[in-house]
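File shown: upload_33.txt. Contents: compact mmCIF, C-alpha atoms.
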```txt
# COMPACT_ATOMS: atom_id res chain seq x y z
CA MET A 1209 7.06 49.60 28.51
CA ALA A 1210 5.22 50.48 25.31
CA ARG A 1211 5.66 53.97 23.88
CA GLU A 1212 2.69 56.21 23.27
CA TYR A 1213 1.44 56.68 19.72
CA GLN A 1214 2.65 59.88 18.03
CA ALA A 1215 0.28 61.27 15.40
CA VAL A 1216 2.01 62.86 12.40
CA GLU A 1217 0.78 64.57 9.24
CA ARG A 1218 3.93 63.97 7.19
CA ILE A 1219 6.09 60.88 6.77
CA GLU A 1220 8.97 61.22 9.23
CA ALA A 1221 12.26 59.34 9.47
CA ASP A 1222 15.05 59.72 12.02
CA TYR A 1223 18.68 59.13 11.01
CA LEU A 1224 22.13 58.88 12.53
CA ILE A 1225 24.76 60.18 10.10
CA GLU A 1226 28.53 60.53 9.91
CA THR A 1227 29.91 62.99 7.37
CA MET A 1228 33.02 64.95 6.45
CA ILE A 1229 31.01 68.02 5.37
CA ASP A 1230 28.83 70.39 7.36
CA PRO A 1231 26.04 68.21 8.83
CA ARG A 1232 23.37 70.74 7.87
CA LYS A 1233 24.55 70.63 4.26
CA ALA A 1234 24.66 66.83 4.45
CA ALA A 1235 21.06 66.74 5.68
CA GLU A 1236 19.98 68.99 2.82
CA ILE A 1237 21.69 66.65 0.34
CA MET A 1238 19.72 63.76 1.82
CA ALA A 1239 16.46 65.68 1.57
CA GLY A 1240 17.12 66.64 -2.04
CA GLU A 1241 18.24 63.16 -3.10
CA GLN A 1242 15.09 61.59 -1.68
CA SER A 1243 12.58 64.10 -3.06
CA SER A 1244 12.69 66.76 -5.77
CA GLY A 1245 16.44 67.39 -6.08
CA THR A 1246 19.40 65.81 -7.81
CA PHE A 1247 23.17 66.47 -7.95
CA VAL A 1248 22.74 69.67 -10.02
CA PRO A 1249 19.96 72.30 -10.21
CA VAL A 1250 17.31 71.54 -12.84
CA PRO A 1251 14.95 74.09 -14.42
CA GLY A 1252 11.74 72.42 -13.29
CA GLU A 1253 12.57 72.50 -9.59
CA THR A 1254 10.81 75.79 -8.91
CA PRO A 1255 10.22 77.28 -5.47
CA GLU A 1256 6.55 76.35 -5.84
CA LEU A 1257 7.44 72.72 -6.59
CA LYS A 1258 9.83 72.60 -3.64
CA ALA A 1259 7.17 73.97 -1.32
CA ARG A 1260 4.83 71.24 -2.51
CA SER A 1261 7.10 68.20 -2.78
CA ALA A 1262 10.57 68.69 -1.28
CA ALA A 1263 11.63 66.73 1.76
CA ARG A 1264 12.23 68.89 4.80
CA VAL A 1265 14.95 68.83 7.47
CA ASP A 1266 12.87 69.09 10.64
CA ARG A 1267 15.58 68.44 13.23
CA LEU A 1268 19.36 68.36 13.41
CA GLU A 1269 21.41 67.64 16.55
CA LEU A 1270 25.16 67.19 16.61
CA VAL A 1271 26.47 64.13 18.43
CA GLU A 1272 29.32 64.93 20.80
CA GLY A 1273 32.56 63.00 20.68
CA ALA A 1274 35.52 62.63 18.38
CA VAL A 1275 35.38 60.56 15.20
CA ASP A 1276 38.91 59.37 14.49
CA ALA A 1277 38.34 57.38 11.29
CA PRO A 1278 35.53 56.84 8.76
CA SER A 1279 33.10 54.14 9.80
CA LEU A 1280 32.49 53.23 6.15
CA PRO A 1281 34.63 53.60 3.02
CA THR A 1282 34.00 56.45 0.60
CA THR A 1283 35.55 57.80 -2.60
CA ALA A 1284 35.34 61.35 -1.20
CA SER A 1285 38.32 63.04 0.41
CA VAL A 1286 38.26 62.87 4.21
CA LYS A 1287 40.51 65.37 5.94
CA PRO A 1288 41.74 64.59 9.46
CA GLY A 1289 39.40 66.01 12.07
CA SER A 1290 36.59 66.68 9.58
CA LEU A 1291 34.25 63.83 10.52
CA ARG A 1292 31.18 64.64 12.57
CA ARG A 1293 28.06 62.75 13.55
CA ALA A 1294 24.53 64.05 13.89
CA ARG A 1295 20.98 62.89 14.44
CA LEU A 1296 18.33 64.37 12.21
CA THR A 1297 14.73 64.02 11.11
CA LEU A 1298 13.53 64.30 7.52
CA SER A 1299 9.87 64.53 6.57
CA TRP A 1300 7.94 64.20 3.32
CA PRO A 1301 4.45 65.21 2.22
CA MET A 1302 2.04 62.33 1.65
CA GLY A 1303 1.42 63.70 -1.85
CA ASN A 1304 4.81 62.43 -3.01
CA LEU A 1305 3.97 58.74 -2.78
CA GLY A 1306 0.65 58.10 -1.04
CA PRO A 1307 0.24 55.31 1.52
CA SER A 1308 2.50 52.75 -0.18
CA LEU A 1309 4.93 50.66 1.86
CA PRO A 1310 7.09 49.62 -1.12
CA ASN A 1311 7.47 53.24 -2.20
CA LEU A 1312 8.01 54.28 1.40
CA LEU A 1313 11.21 52.21 1.38
CA ALA A 1314 12.40 53.94 -1.77
CA THR A 1315 11.67 57.31 -0.14
CA ILE A 1316 13.19 56.96 3.33
CA ALA A 1317 16.10 54.71 2.29
CA GLY A 1318 16.57 54.65 -1.47
CA ASN A 1319 20.03 55.78 -2.53
CA LEU A 1320 20.97 57.31 0.81
CA PHE A 1321 23.34 54.54 1.89
CA GLU A 1322 25.43 55.09 -1.25
CA LEU A 1323 25.99 58.85 -1.03
CA ARG A 1324 29.73 59.53 -0.93
CA GLN A 1325 29.36 62.51 1.43
CA PHE A 1326 28.55 60.02 4.19
CA THR A 1327 30.78 57.59 6.04
CA GLY A 1328 27.87 56.42 8.14
CA LEU A 1329 24.07 56.49 7.73
CA ARG A 1330 21.47 54.58 9.70
CA ILE A 1331 17.67 54.77 9.91
CA GLU A 1332 16.71 54.93 13.58
CA ASP A 1333 12.91 55.36 13.54
CA ILE A 1334 9.93 56.17 11.34
CA ARG A 1335 6.49 57.65 11.94
CA LEU A 1336 3.66 57.31 9.44
CA PRO A 1337 0.45 59.30 8.90
CA ASP A 1338 -2.96 57.67 9.37
CA PRO A 1339 -3.54 56.89 5.66
CA PHE A 1340 -1.02 54.04 6.02
CA ALA A 1341 -3.25 52.49 8.69
CA GLU A 1342 -6.18 52.70 6.29
CA ALA A 1343 -4.24 51.14 3.40
CA TYR A 1344 -2.76 48.13 5.23
CA PRO A 1345 -4.52 45.57 7.45
CA GLY A 1346 -1.64 45.06 9.86
CA PRO A 1347 -1.66 41.96 12.09
CA ARG A 1348 -5.01 40.19 11.81
CA PHE A 1349 -4.44 38.08 14.91
CA GLY A 1350 -1.65 39.68 16.90
CA ILE A 1351 -1.36 38.84 20.58
CA GLU A 1352 -5.04 38.29 21.36
CA GLY A 1353 -5.71 36.06 18.36
CA THR A 1354 -2.54 34.05 18.93
CA ARG A 1355 -3.47 33.42 22.55
CA ARG A 1356 -6.98 32.35 21.57
CA LEU A 1357 -5.81 29.86 18.95
CA ALA A 1358 -3.03 28.48 21.17
CA GLY A 1359 -5.28 28.24 24.22
CA VAL A 1360 -2.91 30.30 26.39
CA PRO A 1361 -4.86 33.22 27.87
CA ASP A 1362 -2.28 35.01 30.00
CA ARG A 1363 1.16 33.42 30.54
CA PRO A 1364 4.09 33.40 28.09
CA LEU A 1365 3.77 30.91 25.23
CA ILE A 1366 6.33 28.13 25.51
CA GLY A 1367 7.64 27.04 22.14
CA THR A 1368 10.38 25.25 20.30
CA ILE A 1369 11.89 24.69 16.88
CA VAL A 1370 12.14 21.32 15.20
CA LYS A 1371 15.74 20.19 15.65
CA PRO A 1372 17.73 18.94 13.81
CA SER A 1373 16.84 21.92 11.61
CA VAL A 1374 16.82 19.74 8.49
CA GLY A 1375 17.26 16.03 7.92
CA PHE A 1376 14.02 14.65 9.34
CA GLY A 1377 11.35 13.40 6.97
CA PRO A 1378 7.62 13.99 7.52
CA GLU A 1379 7.07 10.98 9.80
CA GLU A 1380 10.17 11.68 11.92
CA THR A 1381 8.99 15.27 12.32
CA ALA A 1382 5.51 14.06 13.32
CA SER A 1383 7.01 11.67 15.87
CA LEU A 1384 8.92 14.52 17.52
CA VAL A 1385 5.80 16.67 17.49
CA GLN A 1386 3.92 13.85 19.23
CA SER A 1387 6.44 13.86 22.06
CA LEU A 1388 6.28 17.65 22.36
CA CYS A 1389 2.48 17.68 22.39
CA GLU A 1390 2.42 15.10 25.16
CA GLY A 1391 4.93 17.23 27.05
CA GLY A 1392 2.58 20.22 27.06
CA ILE A 1393 4.18 22.47 24.45
CA ASP A 1394 2.21 25.51 23.26
CA PHE A 1395 4.00 26.28 20.01
CA ILE A 1396 6.28 24.51 17.53
CA LYS A 1397 7.84 25.92 14.38
CA ASP A 1398 9.75 24.69 11.39
CA ASP A 1399 13.31 25.88 11.24
CA GLU A 1400 13.70 28.54 8.55
CA LEU A 1401 15.90 26.11 6.61
CA GLN A 1402 13.02 23.64 6.29
CA SER A 1403 10.37 24.45 3.70
CA ASP A 1404 9.59 22.12 0.78
CA GLY A 1405 12.68 20.08 0.00
CA PRO A 1406 12.53 16.61 -1.59
CA SER A 1407 13.45 14.90 1.70
CA CYS A 1408 10.63 16.59 3.65
CA PRO A 1409 7.95 17.93 1.24
CA PHE A 1410 5.67 20.62 2.64
CA GLU A 1411 2.44 18.78 1.87
CA ALA A 1412 3.57 15.47 3.35
CA ARG A 1413 4.96 17.23 6.45
CA VAL A 1414 1.74 19.17 7.01
CA ARG A 1415 -0.43 16.07 6.71
CA ALA A 1416 1.77 13.98 9.01
CA VAL A 1417 2.18 16.68 11.66
CA MET A 1418 -1.46 17.77 11.64
CA ARG A 1419 -2.64 14.18 12.11
CA VAL A 1420 -0.68 14.16 15.36
CA ILE A 1421 -1.76 17.65 16.45
CA ASN A 1422 -5.43 17.09 15.65
CA ALA A 1423 -5.47 13.72 17.43
CA HIS A 1424 -3.84 15.28 20.48
CA ALA A 1425 -6.39 18.11 20.42
CA ASP A 1426 -9.25 15.59 20.29
CA ARG A 1427 -7.88 13.84 23.38
CA SER A 1428 -6.78 16.85 25.41
CA GLY A 1429 -8.85 19.78 24.18
CA LYS A 1430 -5.67 21.77 23.46
CA LYS A 1431 -4.46 22.30 19.89
CA VAL A 1432 -0.75 22.97 19.72
CA MET A 1433 0.12 25.84 17.37
CA TYR A 1434 2.60 24.79 14.67
CA ALA A 1435 4.11 27.43 12.37
CA PHE A 1436 4.77 25.70 9.04
CA ASN A 1437 7.36 27.46 6.87
CA LEU A 1438 5.54 28.27 3.63
CA THR A 1439 8.25 30.63 2.32
CA GLY A 1440 8.22 30.62 -1.47
CA GLU A 1441 6.80 32.42 -4.46
CA LEU A 1442 3.36 34.00 -4.18
CA ASP A 1443 1.38 31.19 -5.80
CA GLN A 1444 3.32 28.60 -3.77
CA MET A 1445 2.59 30.42 -0.51
CA ARG A 1446 -1.09 30.64 -1.32
CA ARG A 1447 -1.33 26.92 -2.12
CA ARG A 1448 0.58 25.99 1.01
CA HIS A 1449 -1.58 28.28 3.13
CA ASP A 1450 -4.77 26.75 1.73
CA LEU A 1451 -3.55 23.20 2.39
CA LEU A 1452 -2.60 24.07 5.93
CA LEU A 1453 -5.95 25.74 6.55
CA ALA A 1454 -7.80 22.68 5.21
CA GLU A 1455 -5.77 20.38 7.49
CA GLY A 1456 -6.72 22.40 10.58
CA GLY A 1457 -3.45 24.28 11.04
CA THR A 1458 -3.33 27.45 13.11
CA CYS A 1459 -0.15 29.28 12.01
CA VAL A 1460 2.08 29.94 9.01
CA MET A 1461 5.68 31.08 8.96
CA ALA A 1462 7.48 33.18 6.37
CA SER A 1463 11.09 34.34 6.08
CA ILE A 1464 10.34 37.99 5.46
CA ASN A 1465 13.67 38.96 3.92
CA SER A 1466 13.23 36.11 1.45
CA VAL A 1467 9.63 36.76 0.39
CA GLY A 1468 10.16 40.53 0.37
CA LEU A 1469 7.83 43.32 1.32
CA VAL A 1470 5.29 42.77 -1.48
CA GLY A 1471 5.24 39.03 -0.72
CA MET A 1472 4.55 39.77 2.93
CA ILE A 1473 1.84 42.30 2.11
CA GLU A 1474 0.05 39.80 -0.12
CA LEU A 1475 0.43 36.99 2.43
CA GLY A 1476 -1.01 39.30 5.07
CA ARG A 1477 -4.01 40.04 2.87
CA PHE A 1478 -4.98 36.46 2.05
CA SER A 1479 -3.85 34.59 5.14
CA GLN A 1480 -6.59 33.34 7.44
CA LEU A 1481 -3.99 32.26 10.00
CA PRO A 1482 -1.46 34.10 12.17
CA ILE A 1483 1.81 34.89 10.41
CA HIS A 1484 5.03 34.04 12.23
CA ALA A 1485 7.59 36.42 10.69
CA HIS A 1486 11.15 35.10 10.78
CA ARG A 1487 13.86 37.73 10.36
CA ASN A 1488 16.77 35.56 9.14
CA GLY A 1489 19.19 37.78 7.24
CA TRP A 1490 18.48 40.69 9.56
CA GLY A 1491 22.10 40.94 10.71
CA ALA A 1492 23.21 42.21 7.30
CA LEU A 1493 20.90 45.20 7.72
CA THR A 1494 21.85 46.18 11.24
CA ARG A 1495 25.10 44.78 12.60
CA HIS A 1496 27.23 47.83 11.77
CA PRO A 1497 26.17 50.63 14.15
CA LEU A 1498 26.60 53.31 11.43
CA LEU A 1499 24.83 51.53 8.59
CA GLY A 1500 21.39 50.18 7.76
CA TRP A 1501 18.40 50.07 10.07
CA SER A 1502 17.53 49.97 13.71
CA TYR A 1503 14.96 47.32 14.58
CA VAL A 1504 12.75 50.09 15.97
CA ALA A 1505 12.16 51.42 12.45
CA TRP A 1506 12.34 48.15 10.51
CA GLN A 1507 9.80 46.14 12.49
CA LYS A 1508 7.10 48.79 12.03
CA ILE A 1509 7.02 48.13 8.29
CA TRP A 1510 6.57 44.37 8.70
CA ARG A 1511 3.93 44.71 11.41
CA LEU A 1512 1.91 47.01 9.18
CA ALA A 1513 2.34 44.55 6.31
CA GLY A 1514 0.71 41.83 8.42
CA ALA A 1515 3.21 40.12 10.74
CA ASP A 1516 1.54 38.73 13.87
CA HIS A 1517 4.76 37.45 15.50
CA MET A 1518 8.14 39.19 15.18
CA HIS A 1519 11.50 37.67 16.16
CA VAL A 1520 13.54 39.87 18.49
CA ASN A 1521 16.46 37.55 19.38
CA GLY A 1522 16.90 36.77 23.09
CA LEU A 1523 18.90 37.65 26.18
CA ALA A 1524 22.40 36.15 26.34
CA ASN A 1525 21.78 34.99 22.78
CA LYS A 1526 24.11 33.03 20.52
CA PHE A 1527 24.45 35.98 18.14
CA SER A 1528 26.03 39.43 18.48
CA GLU A 1529 23.11 41.54 19.73
CA ALA A 1530 23.27 43.16 23.17
CA ASP A 1531 20.56 42.44 25.73
CA GLU A 1532 19.47 46.09 25.84
CA SER A 1533 18.80 46.04 22.10
CA VAL A 1534 16.79 42.81 22.40
CA ILE A 1535 14.51 44.23 25.09
CA ARG A 1536 14.04 47.50 23.25
CA SER A 1537 13.02 45.52 20.15
CA ALA A 1538 10.47 43.51 22.13
CA ARG A 1539 9.01 46.65 23.71
CA GLU A 1540 8.62 48.21 20.27
CA CYS A 1541 6.55 45.23 19.09
CA LEU A 1542 4.20 45.96 21.99
CA SER A 1543 3.97 49.69 21.17
CA PRO A 1544 1.05 50.98 19.06
CA LEU A 1545 1.51 52.48 15.60
CA PHE A 1546 -1.82 54.28 15.20
CA PRO A 1547 -4.76 55.32 17.41
CA GLY A 1548 -7.54 52.76 17.23
CA LYS A 1549 -5.27 50.42 15.28
CA PRO A 1550 -2.32 49.54 17.49
CA CYS A 1551 -0.91 46.80 15.19
CA LEU A 1552 0.73 45.03 18.14
CA ALA A 1553 2.79 41.93 17.37
CA MET A 1554 3.82 39.09 19.67
CA PRO A 1555 7.59 39.40 20.31
CA VAL A 1556 9.40 36.08 19.80
CA PHE A 1557 12.46 35.42 21.96
CA SER A 1558 14.84 32.90 20.42
CA SER A 1559 18.49 32.10 19.64
CA GLY A 1560 20.17 30.05 22.34
CA GLN A 1561 17.40 30.39 24.91
CA THR A 1562 17.30 28.15 28.01
CA VAL A 1563 15.66 28.22 31.42
CA ARG A 1564 18.36 30.65 32.58
CA GLN A 1565 17.05 33.65 30.61
CA ALA A 1566 13.48 33.58 31.96
CA PRO A 1567 13.94 35.79 35.08
CA GLY A 1568 15.97 38.46 33.30
CA THR A 1569 13.67 38.57 30.30
CA PHE A 1570 10.53 39.01 32.39
CA ALA A 1571 12.15 41.58 34.67
CA ALA A 1572 13.30 43.67 31.71
CA LEU A 1573 10.16 43.39 29.58
CA GLY A 1574 7.59 43.56 32.36
CA SER A 1575 5.03 41.64 30.33
CA THR A 1576 3.93 38.08 29.69
CA ASP A 1577 2.92 38.95 26.12
CA LEU A 1578 5.72 36.99 24.50
CA LEU A 1579 6.58 33.74 22.81
CA VAL A 1580 9.82 32.04 23.79
CA THR A 1581 11.20 29.42 21.40
CA ALA A 1582 13.99 27.24 22.72
CA GLY A 1583 15.41 24.68 20.30
CA GLY A 1584 18.39 23.10 22.00
CA GLY A 1585 17.12 24.47 25.32
CA ILE A 1586 14.23 21.99 25.06
CA MET A 1587 15.49 19.26 22.74
CA ALA A 1588 18.76 18.74 24.61
CA HIS A 1589 17.17 18.14 28.02
CA PRO A 1590 18.74 14.93 29.43
CA ASP A 1591 15.29 13.46 30.10
CA GLY A 1592 13.97 14.25 26.62
CA PRO A 1593 12.00 17.02 24.89
CA ALA A 1594 8.91 16.63 27.09
CA ALA A 1595 11.03 17.30 30.18
CA GLY A 1596 12.56 20.24 28.35
CA VAL A 1597 9.09 21.71 27.83
CA SER A 1598 8.25 21.26 31.51
CA ALA A 1599 11.51 22.85 32.59
CA LEU A 1600 11.04 25.95 30.46
CA ARG A 1601 7.45 26.39 31.62
CA GLU A 1602 8.54 25.98 35.24
CA ALA A 1603 11.28 28.57 34.76
CA TRP A 1604 8.77 31.09 33.49
CA GLU A 1605 6.32 30.28 36.28
CA ALA A 1606 9.08 31.08 38.76
CA ALA A 1607 10.08 34.26 36.94
CA VAL A 1608 6.54 35.64 36.84
CA ALA A 1609 5.96 34.71 40.49
CA GLY A 1610 9.21 36.35 41.58
CA VAL A 1611 10.65 33.07 42.87
CA SER A 1612 14.30 32.23 42.23
CA LEU A 1613 14.96 29.41 39.80
CA THR A 1614 17.04 27.62 42.42
CA ASP A 1615 14.19 27.65 44.95
CA HIS A 1616 11.61 26.58 42.37
CA ALA A 1617 13.86 23.76 41.19
CA ARG A 1618 13.80 22.13 44.63
CA THR A 1619 10.28 20.85 43.92
CA HIS A 1620 10.51 20.68 40.12
CA PRO A 1621 12.96 17.99 38.94
CA ALA A 1622 12.79 18.89 35.25
CA LEU A 1623 13.85 22.46 36.01
CA ALA A 1624 16.57 21.26 38.37
CA CYS A 1625 18.04 19.06 35.65
CA ALA A 1626 17.85 21.86 33.06
CA LEU A 1627 19.62 24.28 35.41
CA GLU A 1628 22.41 21.82 35.95
CA MET A 1629 22.73 21.29 32.19
CA ALA A 1630 22.76 25.06 31.48
CA SER A 1631 25.27 25.97 34.20
```

Show me, as structure tokens, the structure contained in the file I just sent.
Amino acid sequence: MAREYQAVERIEADYLIETMIDPRKAAEIMAGEQSSGTFVPVPGETPELKARSAARVDRLELVEGAVDAPSLPTTASVKPGSLRRARLTLSWPMGNLGPSLPNLLATIAGNLFELRQFTGLRIEDIRLPDPFAEAYPGPRFGIEGTRRLAGVPDRPLIGTIVKPSVGFGPEETASLVQSLCEGGIDFIKDDELQSDGPSCPFEARVRAVMRVINAHADRSGKKVMYAFNLTGELDQMRRRHDLLLAEGGTCVMASINSVGLVGMIELGRFSQLPIHAHRNGWGALTRHPLLGWSYVAWQKIWRLAGADHMHVNGLANKFSEADESVIRSARECLSPLFPGKPCLAMPVFSSGQTVRQAPGTFAALGSTDLLVTAGGGIMAHPDGPAAGVSALREAWEAAVAGVSLTDHARTHPALACALEMAS
């Protein structure tokens, strides 16, 4: 399950590298490039300055196995048999940058991916000193606050995405939301493609949808959580947040690669609602195994910036990520960053999810602290979206109880129909 917190005094980052030169020399080039050094010696880089400000190579381990060809192109000469891989840890003194997330990115990543001595370089993990916890609020709601607002104290949250992703106007969206509310849904979100277009303006969509949600809450006592996509420029996001708050909304959504780190930090500081962080565009940062970021490292930055919910993909997903990677990502969201300030985020399982994935997901994660969002897995149910909601909830009830889906379906028609559809 969750990893234990590791206290550190210096900023630490773990890397996987592939290089045609001695790996120790390659690590020293990385350390110099990202601290006091450059490509030639300079007079001001004294031993005293290095002792104070230089990055340090704290660990270096060679990775066994032959490397037949460069993983990435380079202008450097690569002799046959010269390529080697290694895992290493660099660390930096806090005095170089202070507790600043934007400058942290420049420090641990910066120009490293462009260095010609490397045919592979990937950030695998980071560890931050306590001043970062003091400088950033982290998730204001997290798991506990999300459960409270959604009225779901212990089981997984059952959610969906408005589908079709775009094309509905405000009233059509509200009509679908009405059906989902009546079906017992816990959570609904805009698709990341839907924000404030002329055919479905944000303000009109919020007012139409919240009329339905508020009326349903008055009748039932349960307010469905809807994550409205307020992605935009800073002043736009603030205005959209304030409108949503005034209309009684309980969640906002932002595409974090679109709004950027500073946008997310500012949203985290002014938002009075949970922030559903959508990771669209993430594949460009991670899909090559010798380039970019692991989710383990990347998600820590966004959690600290204020994300309450983090997408982690899903088992047997429609994308390219392996199940083991998905589960490791979800476990990381449930692992603390600092003592006394865990910064836990609700992992969001999505991307081609149906009733079939419930048993495997629960068995692998070992926790009900999750949000599962099934778009087609709910909307495409032959008996309608409400039946799709029931089927997904029934699948998770069976998974948590240790009952097979087939056995549970014998007395739950909605689940039986969904299993037949998903077979």

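In this model, the gap between atom CA of Phe1570 of chain A and atom CA of His1486 of chain A comes to 22.0 Å.
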
**Request:** Determine the nearest neighbour of Glu1441 of chain A from the options A:Glu1474, A:Asp1362, A:Glu1411, A:Asp1333, counting all atoms listed in the file.
**Result:**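 Looking only at the distances to Glu1441 of chain A, the closest residue turns out to be A:Glu1474.
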
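Using all atoms listed in the file, the residues found no farther than 8 Å from segment 1586-1592 of chain A, other than those of its own chain fewer than 5 positions away, are Thr1368, Lys1371, Thr1562, Val1597, Leu1600, Ala1622, Cys1625, Ala1626 and Met1629 of chain A.
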
Any chance you could tabulate, as a Markdown table, the residues of segment 1422-1497 of chain A at most 12 Å from segment 1504-1517 of chain A with each one's nearest atom pair and distance in Å to one decimal, using only C-alpha atoms, in chain and rising number order?
```
| residue | atom | partner | partner_atom | distance |
| --- | --- | --- | --- | --- |
| A:Ala1435 | CA | A:His1517 | CA | 10.5 |
| A:Cys1459 | CA | A:Asp1516 | CA | 9.8 |
| A:Val1460 | CA | A:Asp1516 | CA | 10.1 |
| A:Met1461 | CA | A:His1517 | CA | 9.2 |
| A:Ala1462 | CA | A:Ala1515 | CA | 9.2 |
| A:Ser1463 | CA | A:Ala1515 | CA | 10.8 |
| A:Ile1464 | CA | A:Trp1510 | CA | 8.1 |
| A:Asn1465 | CA | A:Trp1510 | CA | 10.1 |
| A:Val1467 | CA | A:Trp1510 | CA | 11.7 |
| A:Gly1468 | CA | A:Trp1510 | CA | 9.9 |
| A:Leu1469 | CA | A:Ala1513 | CA | 7.5 |
| A:Val1470 | CA | A:Ala1513 | CA | 8.5 |
| A:Gly1471 | CA | A:Ala1513 | CA | 9.4 |
| A:Met1472 | CA | A:Ala1513 | CA | 6.3 |
| A:Ile1473 | CA | A:Ala1513 | CA | 4.8 |
| A:Glu1474 | CA | A:Ala1513 | CA | 8.3 |
| A:Leu1475 | CA | A:Gly1514 | CA | 7.7 |
| A:Gly1476 | CA | A:Gly1514 | CA | 4.5 |
| A:Arg1477 | CA | A:Gly1514 | CA | 7.5 |
| A:Phe1478 | CA | A:Gly1514 | CA | 10.1 |
| A:Ser1479 | CA | A:Gly1514 | CA | 9.2 |
| A:Gln1480 | CA | A:Gly1514 | CA | 11.2 |
| A:Leu1481 | CA | A:Asp1516 | CA | 9.3 |
| A:Pro1482 | CA | A:Asp1516 | CA | 5.8 |
| A:Ile1483 | CA | A:Asp1516 | CA | 5.2 |
| A:His1484 | CA | A:His1517 | CA | 4.7 |
| A:Ala1485 | CA | A:His1517 | CA | 5.7 |
| A:His1486 | CA | A:His1517 | CA | 8.3 |
| A:Arg1487 | CA | A:Gln1507 | CA | 9.6 |
| A:Trp1490 | CA | A:Trp1506 | CA | 9.7 |
| A:Leu1493 | CA | A:Trp1506 | CA | 9.5 |
| A:Thr1494 | CA | A:Trp1506 | CA | 9.7 |
```

**Message:** Restricting the calculation to only C-alpha atoms: of A:Tyr1344, A:Phe1349, A:Trp1501, A:Phe1557, which residue gets closest to Met1518 of chain A?
**Reply:**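 Checking each of A:Tyr1344, A:Phe1349, A:Trp1501, A:Phe1557 against Met1518 of chain A, counting only C-alpha atoms, the winner is A:Phe1557.
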
**Asked** How many Å separate atom CA of Leu1312 of chain A from atom CA of Leu1257 of chain A?
**Response**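 Separation between atom CA of Leu1312 of chain A and atom CA of Leu1257 of chain A: 20.1 Å.
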
Report as CSV the residues of segment 1474-1526 of chain A within 10 Å of segment 1218-1236 of chain A, each with its shortest atom pair and distance in Å (one decimal), using all atoms listed in the file, ordered by chain and increasing residue number.
```
residue,atom,partner,partner_atom,distance
A:Pro1497,CA,A:Leu1224,CA,9.3
A:Leu1498,CA,A:Leu1224,CA,7.2
A:Leu1499,CA,A:Leu1224,CA,8.8
A:Gly1500,CA,A:Tyr1223,CA,9.9
A:Trp1501,CA,A:Tyr1223,CA,9.1
A:Ser1502,CA,A:Tyr1223,CA,9.6
A:Ala1505,CA,A:Ala1221,CA,8.5
```

**Request:** Counting all atoms listed in the file, figure out which residue out of A:Leu1545, A:Lys1431, A:Gln1386, A:Glu1380 gets nearest to Ser1407 of chain A.
**Result:**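 The answer is A:Glu1380, which sits nearest to Ser1407 of chain A.
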
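Closest to Asn1304 of chain A among A:Val1250, A:Cys1551, A:Ala1262, A:Leu1329 is A:Ala1262, based on all atoms listed in the file.
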
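The spacing separating atom CA of Pro1372 of chain A from atom CA of Ser1466 of chain A amounts to 21.6 Å.
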
**Prompt:** Which of these residues is nearest to Val1360 of chain A, using all atoms listed in the file: A:Gly1548, A:Pro1567, A:Gly1585, A:Gly1392?
**Reply:** A:Gly1392

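When only C-alpha atoms are used to measure the gap to Gln1242 of chain A, the shortest distance among A:Leu1453, A:Val1265, A:Lys1526, A:Ala1607 belongs to A:Val1265.
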
**Prompt:** If you count only C-alpha atoms, which residues fall within 7 Å of Ala1603 of chain A, apart from same-chain ones fewer than 3 positions away, as number ranges by chain?
**Reply:** A: 1563, 1566, 1599-1600, 1606-1607, 1613, 1623

Padded axis-aligned box of segment 1355-1368 of chain A (3 Å per side), centre and edge lengths, Å, one decimal, as lines of an AutoDock Vina configuration file:
```
center_x = 1.7
center_y = 30.1
center_z = 24.7
size_x = 23.4
size_y = 15.8
size_z = 17.6
```
